[in-house]
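Heads up, target32.txt below (compact mmCIF, N, CA and C atoms):
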# COMPACT_ATOMS: atom_id res chain seq x y z
N MET A 1 69.80 -46.05 3.13
CA MET A 1 68.66 -45.46 3.78
C MET A 1 67.51 -45.26 2.78
N ILE A 2 67.85 -44.77 1.60
CA ILE A 2 66.82 -44.55 0.58
C ILE A 2 66.23 -45.89 0.14
N ARG A 3 67.07 -46.91 -0.04
CA ARG A 3 66.57 -48.23 -0.43
C ARG A 3 65.63 -48.79 0.63
N ARG A 4 65.97 -48.58 1.89
CA ARG A 4 65.13 -49.08 2.98
C ARG A 4 63.76 -48.39 2.94
N ARG A 5 63.74 -47.08 2.75
CA ARG A 5 62.47 -46.34 2.66
C ARG A 5 61.65 -46.82 1.47
N LEU A 6 62.31 -47.03 0.35
CA LEU A 6 61.60 -47.52 -0.83
C LEU A 6 61.03 -48.91 -0.58
N ALA A 7 61.80 -49.76 0.08
CA ALA A 7 61.33 -51.11 0.38
C ALA A 7 60.14 -51.07 1.32
N ILE A 8 60.20 -50.24 2.35
CA ILE A 8 59.08 -50.11 3.28
C ILE A 8 57.86 -49.56 2.57
N SER A 9 58.04 -48.55 1.73
CA SER A 9 56.92 -47.98 0.97
C SER A 9 56.28 -49.03 0.07
N PHE A 10 57.11 -49.83 -0.58
CA PHE A 10 56.61 -50.87 -1.47
C PHE A 10 55.79 -51.90 -0.70
N VAL A 11 56.28 -52.31 0.48
CA VAL A 11 55.56 -53.28 1.30
C VAL A 11 54.22 -52.69 1.74
N LEU A 12 54.21 -51.44 2.15
CA LEU A 12 52.96 -50.80 2.58
C LEU A 12 51.96 -50.72 1.43
N ILE A 13 52.43 -50.38 0.25
CA ILE A 13 51.55 -50.31 -0.91
C ILE A 13 50.96 -51.68 -1.21
N LEU A 14 51.79 -52.71 -1.21
CA LEU A 14 51.31 -54.06 -1.47
C LEU A 14 50.33 -54.51 -0.39
N SER A 15 50.60 -54.16 0.87
CA SER A 15 49.69 -54.52 1.96
C SER A 15 48.34 -53.88 1.76
N GLY A 16 48.33 -52.62 1.38
CA GLY A 16 47.06 -51.93 1.14
C GLY A 16 46.31 -52.56 -0.01
N CYS A 17 47.00 -52.92 -1.07
CA CYS A 17 46.34 -53.56 -2.21
C CYS A 17 45.78 -54.91 -1.82
N ALA A 18 46.52 -55.67 -1.04
CA ALA A 18 46.05 -56.99 -0.63
C ALA A 18 44.83 -56.89 0.26
N ALA A 19 44.79 -55.88 1.11
CA ALA A 19 43.67 -55.74 2.04
C ALA A 19 42.41 -55.25 1.36
N HIS A 20 42.54 -54.61 0.22
CA HIS A 20 41.37 -54.01 -0.41
C HIS A 20 41.29 -54.34 -1.90
N ASN A 21 41.67 -55.53 -2.27
CA ASN A 21 41.71 -55.86 -3.69
C ASN A 21 40.42 -56.48 -4.19
N GLY A 22 39.38 -56.51 -3.37
CA GLY A 22 38.12 -57.04 -3.84
C GLY A 22 38.10 -58.55 -3.92
N ASP A 23 38.92 -59.24 -3.16
CA ASP A 23 38.94 -60.70 -3.20
C ASP A 23 37.98 -61.31 -2.19
N GLY A 24 37.05 -60.52 -1.72
CA GLY A 24 36.07 -61.02 -0.78
C GLY A 24 36.31 -60.59 0.65
N ASN A 25 37.45 -59.96 0.91
CA ASN A 25 37.69 -59.45 2.26
C ASN A 25 36.77 -58.27 2.52
N PRO A 26 36.25 -58.17 3.74
CA PRO A 26 35.39 -57.03 4.07
C PRO A 26 36.15 -55.71 3.92
N ILE A 27 35.47 -54.70 3.44
CA ILE A 27 36.03 -53.35 3.41
C ILE A 27 35.76 -52.78 4.80
N THR A 28 36.81 -52.69 5.61
CA THR A 28 36.66 -52.25 6.99
C THR A 28 37.13 -50.82 7.15
N ILE A 29 36.36 -50.05 7.91
CA ILE A 29 36.68 -48.65 8.12
C ILE A 29 37.87 -48.54 9.08
N ALA A 30 38.57 -47.42 8.99
CA ALA A 30 39.78 -47.22 9.79
C ALA A 30 39.48 -46.93 11.25
N ARG A 31 38.32 -46.37 11.53
CA ARG A 31 37.94 -46.04 12.90
C ARG A 31 36.44 -46.21 13.04
N PRO A 32 35.93 -46.40 14.24
CA PRO A 32 34.49 -46.63 14.40
C PRO A 32 33.67 -45.35 14.22
N ALA A 33 33.57 -44.88 12.99
CA ALA A 33 32.77 -43.70 12.66
C ALA A 33 31.44 -44.17 12.07
N PHE A 34 30.41 -43.41 12.33
CA PHE A 34 29.11 -43.81 11.81
C PHE A 34 28.30 -42.59 11.43
N GLY A 35 27.35 -42.77 10.55
CA GLY A 35 26.48 -41.69 10.12
C GLY A 35 25.11 -41.84 10.73
N GLY A 36 24.08 -41.49 9.97
CA GLY A 36 22.70 -41.62 10.44
C GLY A 36 22.37 -43.07 10.74
N GLU A 37 21.38 -43.25 11.53
CA GLU A 37 21.04 -44.60 12.00
C GLU A 37 19.72 -45.06 11.39
N ALA A 38 19.74 -46.24 10.84
CA ALA A 38 18.55 -46.90 10.31
C ALA A 38 18.73 -48.39 10.56
N GLY A 39 17.68 -49.13 10.32
CA GLY A 39 17.77 -50.57 10.46
C GLY A 39 17.93 -51.24 9.11
N PHE A 40 18.65 -52.34 9.09
CA PHE A 40 18.82 -53.14 7.89
C PHE A 40 18.32 -54.54 8.19
N TYR A 41 17.50 -55.07 7.30
CA TYR A 41 17.11 -56.48 7.36
C TYR A 41 17.24 -57.01 5.95
N GLY A 42 18.14 -57.94 5.77
CA GLY A 42 18.39 -58.50 4.45
C GLY A 42 19.60 -59.41 4.53
N SER A 43 20.21 -59.65 3.40
CA SER A 43 21.37 -60.53 3.36
C SER A 43 22.58 -59.78 2.84
N VAL A 44 23.75 -60.32 3.17
CA VAL A 44 24.98 -59.87 2.54
C VAL A 44 25.48 -61.04 1.70
N GLU A 45 26.10 -60.70 0.58
CA GLU A 45 26.54 -61.72 -0.38
C GLU A 45 27.92 -61.38 -0.90
N LEU A 46 28.59 -62.39 -1.39
CA LEU A 46 29.87 -62.20 -2.05
C LEU A 46 29.61 -62.26 -3.55
N GLN A 47 29.78 -61.13 -4.22
CA GLN A 47 29.55 -61.05 -5.67
C GLN A 47 30.77 -60.43 -6.33
N ARG A 48 31.34 -61.14 -7.29
CA ARG A 48 32.48 -60.64 -8.05
C ARG A 48 33.61 -60.14 -7.16
N GLY A 49 33.80 -60.80 -6.02
CA GLY A 49 34.87 -60.42 -5.11
C GLY A 49 34.55 -59.27 -4.18
N CYS A 50 33.29 -58.83 -4.16
CA CYS A 50 32.87 -57.73 -3.29
C CYS A 50 31.77 -58.22 -2.36
N ILE A 51 31.81 -57.77 -1.10
CA ILE A 51 30.72 -58.08 -0.18
C ILE A 51 29.69 -56.97 -0.32
N VAL A 52 28.48 -57.38 -0.70
CA VAL A 52 27.40 -56.44 -1.00
C VAL A 52 26.12 -56.91 -0.33
N THR A 53 25.13 -56.02 -0.28
CA THR A 53 23.81 -56.43 0.18
C THR A 53 23.14 -57.22 -0.92
N GLY A 54 22.25 -58.13 -0.54
CA GLY A 54 21.52 -58.91 -1.52
C GLY A 54 20.40 -58.08 -2.14
N GLY A 55 19.86 -58.57 -3.22
CA GLY A 55 18.74 -57.90 -3.86
C GLY A 55 19.07 -57.41 -5.26
N ASP A 56 18.12 -56.68 -5.84
CA ASP A 56 18.26 -56.20 -7.21
C ASP A 56 19.30 -55.09 -7.37
N ARG A 57 19.49 -54.31 -6.31
CA ARG A 57 20.46 -53.21 -6.35
C ARG A 57 21.51 -53.43 -5.27
N PRO A 58 22.51 -54.28 -5.53
CA PRO A 58 23.51 -54.58 -4.50
C PRO A 58 24.27 -53.31 -4.10
N GLU A 59 24.45 -53.15 -2.78
CA GLU A 59 25.20 -52.03 -2.23
C GLU A 59 26.52 -52.53 -1.69
N THR A 60 27.61 -51.85 -2.00
CA THR A 60 28.88 -52.18 -1.39
C THR A 60 28.79 -51.85 0.09
N VAL A 61 29.27 -52.77 0.94
CA VAL A 61 29.14 -52.62 2.38
C VAL A 61 30.48 -52.22 3.00
N LEU A 62 30.43 -51.22 3.89
CA LEU A 62 31.57 -50.87 4.74
C LEU A 62 31.29 -51.43 6.12
N PHE A 63 32.30 -52.07 6.71
CA PHE A 63 32.15 -52.76 7.98
C PHE A 63 33.00 -52.12 9.09
N ASP A 64 32.70 -52.47 10.35
CA ASP A 64 33.52 -52.07 11.49
C ASP A 64 34.92 -52.65 11.32
N PRO A 65 35.91 -52.04 12.02
CA PRO A 65 37.30 -52.50 11.88
C PRO A 65 37.54 -53.95 12.26
N ASP A 66 36.71 -54.53 13.14
CA ASP A 66 36.98 -55.90 13.59
C ASP A 66 36.14 -56.97 12.90
N VAL A 67 35.48 -56.63 11.80
CA VAL A 67 34.74 -57.62 11.03
C VAL A 67 35.72 -58.35 10.11
N THR A 68 35.62 -59.68 10.10
CA THR A 68 36.53 -60.50 9.29
C THR A 68 35.73 -61.52 8.48
N LEU A 69 36.37 -62.03 7.46
CA LEU A 69 35.82 -63.12 6.67
C LEU A 69 35.99 -64.41 7.47
N THR A 70 35.00 -65.29 7.44
CA THR A 70 35.15 -66.56 8.13
C THR A 70 36.25 -67.39 7.46
N ASP A 71 36.82 -68.32 8.20
CA ASP A 71 37.92 -69.13 7.66
C ASP A 71 37.54 -69.86 6.39
N ASP A 72 36.29 -70.33 6.31
CA ASP A 72 35.87 -71.07 5.12
C ASP A 72 35.27 -70.16 4.05
N ARG A 73 35.32 -68.83 4.26
CA ARG A 73 34.87 -67.81 3.30
C ARG A 73 33.37 -67.92 2.99
N SER A 74 32.60 -68.45 3.97
CA SER A 74 31.15 -68.60 3.75
C SER A 74 30.36 -67.46 4.36
N GLY A 75 31.05 -66.50 4.99
CA GLY A 75 30.36 -65.38 5.60
C GLY A 75 31.34 -64.48 6.33
N ILE A 76 30.79 -63.65 7.22
CA ILE A 76 31.61 -62.72 7.99
C ILE A 76 31.40 -62.98 9.49
N ARG A 77 32.38 -62.58 10.28
CA ARG A 77 32.27 -62.62 11.73
C ARG A 77 32.34 -61.18 12.21
N ASP A 78 31.35 -60.78 13.00
CA ASP A 78 31.28 -59.41 13.52
C ASP A 78 32.05 -59.33 14.83
N GLY A 79 33.36 -59.11 14.74
CA GLY A 79 34.21 -59.05 15.92
C GLY A 79 34.67 -60.43 16.32
N PRO A 80 35.67 -60.52 17.19
CA PRO A 80 36.24 -61.82 17.54
C PRO A 80 35.25 -62.78 18.19
N ASP A 81 34.30 -62.27 18.95
CA ASP A 81 33.31 -63.12 19.60
C ASP A 81 31.89 -62.84 19.11
N GLY A 82 31.79 -62.13 17.99
CA GLY A 82 30.48 -61.68 17.52
C GLY A 82 29.76 -62.70 16.66
N ALA A 83 28.63 -62.27 16.16
CA ALA A 83 27.77 -63.12 15.33
C ALA A 83 28.47 -63.49 14.03
N VAL A 84 28.23 -64.71 13.59
CA VAL A 84 28.67 -65.14 12.27
C VAL A 84 27.47 -64.98 11.34
N ILE A 85 27.68 -64.23 10.29
CA ILE A 85 26.63 -63.96 9.31
C ILE A 85 27.01 -64.67 8.02
N PHE A 86 26.24 -65.68 7.65
CA PHE A 86 26.54 -66.44 6.44
C PHE A 86 25.99 -65.72 5.21
N PHE A 87 26.77 -65.76 4.14
CA PHE A 87 26.35 -65.12 2.89
C PHE A 87 25.02 -65.71 2.43
N GLY A 88 24.10 -64.84 2.03
CA GLY A 88 22.82 -65.26 1.50
C GLY A 88 21.73 -65.46 2.53
N ARG A 89 22.08 -65.44 3.82
CA ARG A 89 21.07 -65.61 4.88
C ARG A 89 20.66 -64.25 5.44
N LYS A 90 19.44 -64.15 5.89
CA LYS A 90 18.92 -62.90 6.43
C LYS A 90 19.61 -62.53 7.74
N THR A 91 19.79 -61.22 7.94
CA THR A 91 20.41 -60.70 9.14
C THR A 91 19.83 -59.33 9.46
N TRP A 92 20.01 -58.91 10.70
CA TRP A 92 19.68 -57.55 11.10
C TRP A 92 20.98 -56.82 11.37
N ALA A 93 20.98 -55.49 11.11
CA ALA A 93 22.15 -54.67 11.41
C ALA A 93 21.73 -53.21 11.46
N GLY A 94 22.57 -52.39 12.09
CA GLY A 94 22.41 -50.95 12.00
C GLY A 94 22.93 -50.51 10.64
N ALA A 95 22.35 -49.47 10.07
CA ALA A 95 22.73 -49.08 8.71
C ALA A 95 22.75 -47.56 8.54
N ALA A 96 23.59 -47.13 7.64
CA ALA A 96 23.62 -45.74 7.18
C ALA A 96 23.86 -45.76 5.68
N GLY A 97 22.91 -45.26 4.91
CA GLY A 97 23.09 -45.18 3.47
C GLY A 97 24.01 -44.02 3.14
N LEU A 98 25.08 -44.30 2.43
CA LEU A 98 26.04 -43.26 2.07
C LEU A 98 25.86 -42.79 0.63
N ARG A 99 25.50 -43.71 -0.24
CA ARG A 99 25.19 -43.39 -1.65
C ARG A 99 23.98 -44.20 -2.06
N GLU A 100 23.06 -43.56 -2.74
CA GLU A 100 21.89 -44.25 -3.25
C GLU A 100 21.61 -43.71 -4.64
N GLY A 101 21.64 -44.60 -5.62
CA GLY A 101 21.41 -44.18 -7.00
C GLY A 101 22.43 -43.17 -7.48
N GLY A 102 23.67 -43.28 -6.96
CA GLY A 102 24.73 -42.37 -7.38
C GLY A 102 24.67 -41.02 -6.70
N LYS A 103 23.74 -40.82 -5.77
CA LYS A 103 23.61 -39.55 -5.06
C LYS A 103 24.02 -39.74 -3.61
N GLY A 104 24.43 -38.69 -2.98
CA GLY A 104 24.91 -38.75 -1.60
C GLY A 104 26.39 -38.45 -1.58
N TRP A 105 27.09 -39.09 -0.68
CA TRP A 105 28.53 -38.86 -0.56
C TRP A 105 29.24 -39.29 -1.85
N SER A 106 30.27 -38.56 -2.23
CA SER A 106 31.09 -39.00 -3.36
C SER A 106 31.96 -40.16 -2.89
N ILE A 107 32.41 -40.98 -3.83
CA ILE A 107 33.30 -42.09 -3.48
C ILE A 107 34.57 -41.55 -2.83
N ALA A 108 35.12 -40.46 -3.35
CA ALA A 108 36.34 -39.87 -2.76
C ALA A 108 36.09 -39.45 -1.32
N ASP A 109 34.94 -38.85 -1.03
CA ASP A 109 34.63 -38.44 0.35
C ASP A 109 34.46 -39.64 1.26
N ILE A 110 33.80 -40.70 0.77
CA ILE A 110 33.63 -41.92 1.57
C ILE A 110 34.99 -42.51 1.90
N GLU A 111 35.84 -42.64 0.88
CA GLU A 111 37.16 -43.23 1.09
C GLU A 111 37.99 -42.41 2.07
N GLU A 112 37.94 -41.09 1.94
CA GLU A 112 38.73 -40.24 2.84
C GLU A 112 38.19 -40.28 4.26
N PHE A 113 36.88 -40.12 4.45
CA PHE A 113 36.30 -40.05 5.77
C PHE A 113 36.46 -41.36 6.54
N PHE A 114 36.20 -42.49 5.86
CA PHE A 114 36.24 -43.78 6.54
C PHE A 114 37.60 -44.47 6.45
N GLY A 115 38.53 -43.91 5.67
CA GLY A 115 39.85 -44.51 5.54
C GLY A 115 39.83 -45.83 4.82
N VAL A 116 39.07 -45.92 3.73
CA VAL A 116 38.95 -47.16 2.96
C VAL A 116 39.32 -46.93 1.51
N ILE A 117 39.48 -48.02 0.80
CA ILE A 117 39.60 -47.99 -0.65
C ILE A 117 38.53 -48.94 -1.18
N ILE A 118 37.61 -48.41 -1.96
CA ILE A 118 36.57 -49.25 -2.56
C ILE A 118 37.10 -49.72 -3.91
N PRO A 119 37.27 -51.04 -4.08
CA PRO A 119 37.78 -51.55 -5.35
C PRO A 119 36.91 -51.09 -6.52
N LYS A 120 37.55 -50.80 -7.62
CA LYS A 120 36.86 -50.25 -8.80
C LYS A 120 35.74 -51.15 -9.31
N HIS A 121 35.87 -52.47 -9.14
CA HIS A 121 34.85 -53.38 -9.69
C HIS A 121 33.67 -53.59 -8.74
N CYS A 122 33.71 -52.98 -7.56
CA CYS A 122 32.58 -53.08 -6.63
C CYS A 122 31.54 -52.00 -7.00
N PRO A 123 30.26 -52.26 -6.70
CA PRO A 123 29.24 -51.26 -7.01
C PRO A 123 29.51 -49.95 -6.29
N THR A 124 29.48 -48.84 -7.02
CA THR A 124 29.71 -47.54 -6.39
C THR A 124 28.49 -46.64 -6.46
N ASN A 125 27.45 -47.05 -7.17
CA ASN A 125 26.21 -46.27 -7.17
C ASN A 125 25.51 -46.39 -5.83
N GLU A 126 25.74 -47.51 -5.15
CA GLU A 126 25.09 -47.81 -3.87
C GLU A 126 26.17 -48.23 -2.87
N VAL A 127 26.29 -47.49 -1.77
CA VAL A 127 27.25 -47.81 -0.72
C VAL A 127 26.54 -47.64 0.62
N VAL A 128 26.70 -48.62 1.51
CA VAL A 128 26.05 -48.58 2.82
C VAL A 128 27.06 -48.97 3.89
N ARG A 129 26.89 -48.39 5.05
CA ARG A 129 27.71 -48.72 6.22
C ARG A 129 26.84 -49.57 7.14
N LEU A 130 27.24 -50.82 7.41
CA LEU A 130 26.48 -51.72 8.29
C LEU A 130 27.32 -52.04 9.54
N HIS A 131 26.64 -52.21 10.67
CA HIS A 131 27.32 -52.54 11.92
C HIS A 131 26.39 -53.27 12.88
N ASP A 132 26.98 -53.87 13.90
CA ASP A 132 26.23 -54.56 14.96
C ASP A 132 25.26 -55.60 14.41
N PHE A 133 25.80 -56.58 13.72
CA PHE A 133 25.00 -57.63 13.09
C PHE A 133 24.39 -58.56 14.12
N GLN A 134 23.22 -59.06 13.80
CA GLN A 134 22.56 -60.11 14.59
C GLN A 134 22.08 -61.15 13.61
N SER A 135 22.42 -62.40 13.89
CA SER A 135 21.98 -63.47 13.00
C SER A 135 20.50 -63.78 13.25
N GLU A 136 19.87 -64.30 12.24
CA GLU A 136 18.45 -64.63 12.32
C GLU A 136 18.23 -65.94 13.04
Rewrite the coordinates I just gave you, this time as structure tokens.
Amino acid sequence: MIRRRLAISFVLILSGCAAHNGDGNPITIARPAFGGEAGFYGSVELQRGCIVTGGDRPETVLFDPDVTLTDDRSGIRDGPDGAVIFFGRKTWAGAAGLREGGKGWSIADIEEFFGVIIPKHCPTNEVVRLHDFQSE
């Protein structure tokens, strides 16, 4: 019984690491929670294994639970039948800034509230929650 529990715990730990190891998979929130509402117009990019906003100050992006990486890893799909947003191309989305210039929510609070793990190598000075993408 103890071995079985240890084996299950080990599998769960490995699953969590695989889902959030910064290999380009979207950081998806555990439930559809959202903060303040603003508009986003810009690009999302894959940098160093993290999906971030484009520009001089890349922000780590938190996505809805049903956002996935495209099969060819060239962008994201917003839900099973949603818009495909290619990396580097302009898009519109709803946005909530969670951290800006290291101020705002702490990383621990973001991770706890949204049920995510932000990989250590992803930008943590800037974190944004994006949703409801529309391709240009």
All residues 6.5 Å or closer to Cys50 of chain A, only N, CA and C atoms, same chain fewer than 2 positions away omitted, as a list in words | Gly22, Asp23, Gly24, Glu45, Leu46, Gln47, Arg48, Val52 and Cys122 of chain A
What's the 12 Å shell around Ile85 of chain A, counting only C-alpha atoms, without same-chain residues fewer than 2 positions away, as a ChimeraX atom specification?
-> /A:42-46,51,67-70,73-79,82-83,87-93,131-136
Residue list (helix (DSSP H, G or I), DSSP) for chain A, as a list in words |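 Residues meeting the helix (DSSP H, G or I) criterion: Ile2, Arg3, Arg4, Arg5, Leu6, Ala7, Ile8, Ser9, Phe10, Val11, Leu12, Ile13, Leu14, Ser15, Gly16, Cys17, Ala18, Ala19, Ile107, Ala108, Asp109, Ile110, Glu111, Glu112, Phe113 and Phe114 of chain A.
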Spatial neighbours of segment 56-61 of chain A, 7 Å, only N, CA and C atoms, chain gap at least 6 places, as a PDB file with N, CA and C atoms, in the coordinates of the input:
ATOM      1  N   PRO A  26      36.250 -58.170   3.740  1.00  0.00           N
ATOM      2  CA  PRO A  26      35.390 -57.030   4.070  1.00  0.00           C
ATOM      3  C   PRO A  26      36.150 -55.710   3.920  1.00  0.00           C
ATOM      4  N   ILE A  27      35.470 -54.700   3.440  1.00  0.00           N
ATOM      5  CA  ILE A  27      36.030 -53.350   3.410  1.00  0.00           C
ATOM      6  C   ILE A  27      35.760 -52.780   4.800  1.00  0.00           C
ATOM      7  N   THR A  28      36.810 -52.690   5.610  1.00  0.00           N
ATOM      8  CA  THR A  28      36.660 -52.250   6.990  1.00  0.00           C
ATOM      9  C   THR A  28      37.130 -50.820   7.150  1.00  0.00           C
ATOM     10  N   CYS A  50      33.290 -58.830  -4.160  1.00  0.00           N
ATOM     11  CA  CYS A  50      32.870 -57.730  -3.290  1.00  0.00           C
ATOM     12  C   CYS A  50      31.770 -58.220  -2.360  1.00  0.00           C
ATOM     13  N   CYS A 122      33.710 -52.980  -7.560  1.00  0.00           N
ATOM     14  CA  CYS A 122      32.580 -53.080  -6.630  1.00  0.00           C
ATOM     15  C   CYS A 122      31.540 -52.000  -7.000  1.00  0.00           C
ATOM     16  N   PRO A 123      30.260 -52.260  -6.700  1.00  0.00           N
ATOM     17  CA  PRO A 123      29.240 -51.260  -7.010  1.00  0.00           C
ATOM     18  C   PRO A 123      29.510 -49.950  -6.290  1.00  0.00           C
ATOM     19  N   THR A 124      29.480 -48.840  -7.020  1.00  0.00           N
ATOM     20  CA  THR A 124      29.710 -47.540  -6.390  1.00  0.00           C
ATOM     21  C   THR A 124      28.490 -46.640  -6.460  1.00  0.00           C
ATOM     22  N   ASN A 125      27.450 -47.050  -7.170  1.00  0.00           N
ATOM     23  CA  ASN A 125      26.210 -46.270  -7.170  1.00  0.00           C
ATOM     24  C   ASN A 125      25.510 -46.390  -5.830  1.00  0.00           C
ATOM     25  N   GLU A 126      25.740 -47.510  -5.150  1.00  0.00           N
ATOM     26  CA  GLU A 126      25.090 -47.810  -3.870  1.00  0.00           C
ATOM     27  C   GLU A 126      26.170 -48.230  -2.870  1.00  0.00           C
ATOM     28  N   VAL A 127      26.290 -47.490  -1.770  1.00  0.00           N
ATOM     29  CA  VAL A 127      27.250 -47.810  -0.720  1.00  0.00           C
ATOM     30  C   VAL A 127      26.540 -47.640   0.620  1.00  0.00           C
ATOM     31  N   VAL A 128      26.700 -48.620   1.510  1.00  0.00           N
ATOM     32  CA  VAL A 128      26.050 -48.580   2.820  1.00  0.00           C
ATOM     33  C   VAL A 128      27.060 -48.970   3.890  1.00  0.00           C
ATOM     34  N   ARG A 129      26.890 -48.390   5.050  1.00  0.00           N
ATOM     35  CA  ARG A 129      27.710 -48.720   6.220  1.00  0.00           C
ATOM     36  C   ARG A 129      26.840 -49.570   7.140  1.00  0.00           C
ATOM     37  N   LEU A 130      27.240 -50.820   7.410  1.00  0.00           N
ATOM     38  CA  LEU A 130      26.480 -51.720   8.290  1.00  0.00           C
ATOM     39  C   LEU A 130      27.320 -52.040   9.540  1.00  0.00           C
TER      40      LEU A 130
END
d(atom C of Asn25 of chain A, atom N of Gly39 of chain A) in Å =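 Atom-to-atom, atom C of Asn25 of chain A and atom N of Gly39 of chain A are spaced 22.6 Å apart.
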May I have all residues of segment 26-116 of chain A that DSSP, computed from the backbone, assigns to strand (DSSP E), given as an MDAnalysis selection string?
-> chainID A and resid 27:28 38:47 50:53 60:63 67:69 75:78 84:86 90:100 103:104
What is the atom CA of Glu111 of chain A to atom C of Phe86 of chain A distance in Å?
->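 For atom CA of Glu111 of chain A relative to atom C of Phe86 of chain A, the distance reads 25.4 Å.
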Can you list, as a VMD selection string, every protein, DNA or RNA residue that comes within 7 Å of Val116 of chain A when you count all atoms listed in the file, leaving out same-chain residues fewer than 2 positions away?
-> chain A and resid 27 to 30 110 to 114 118
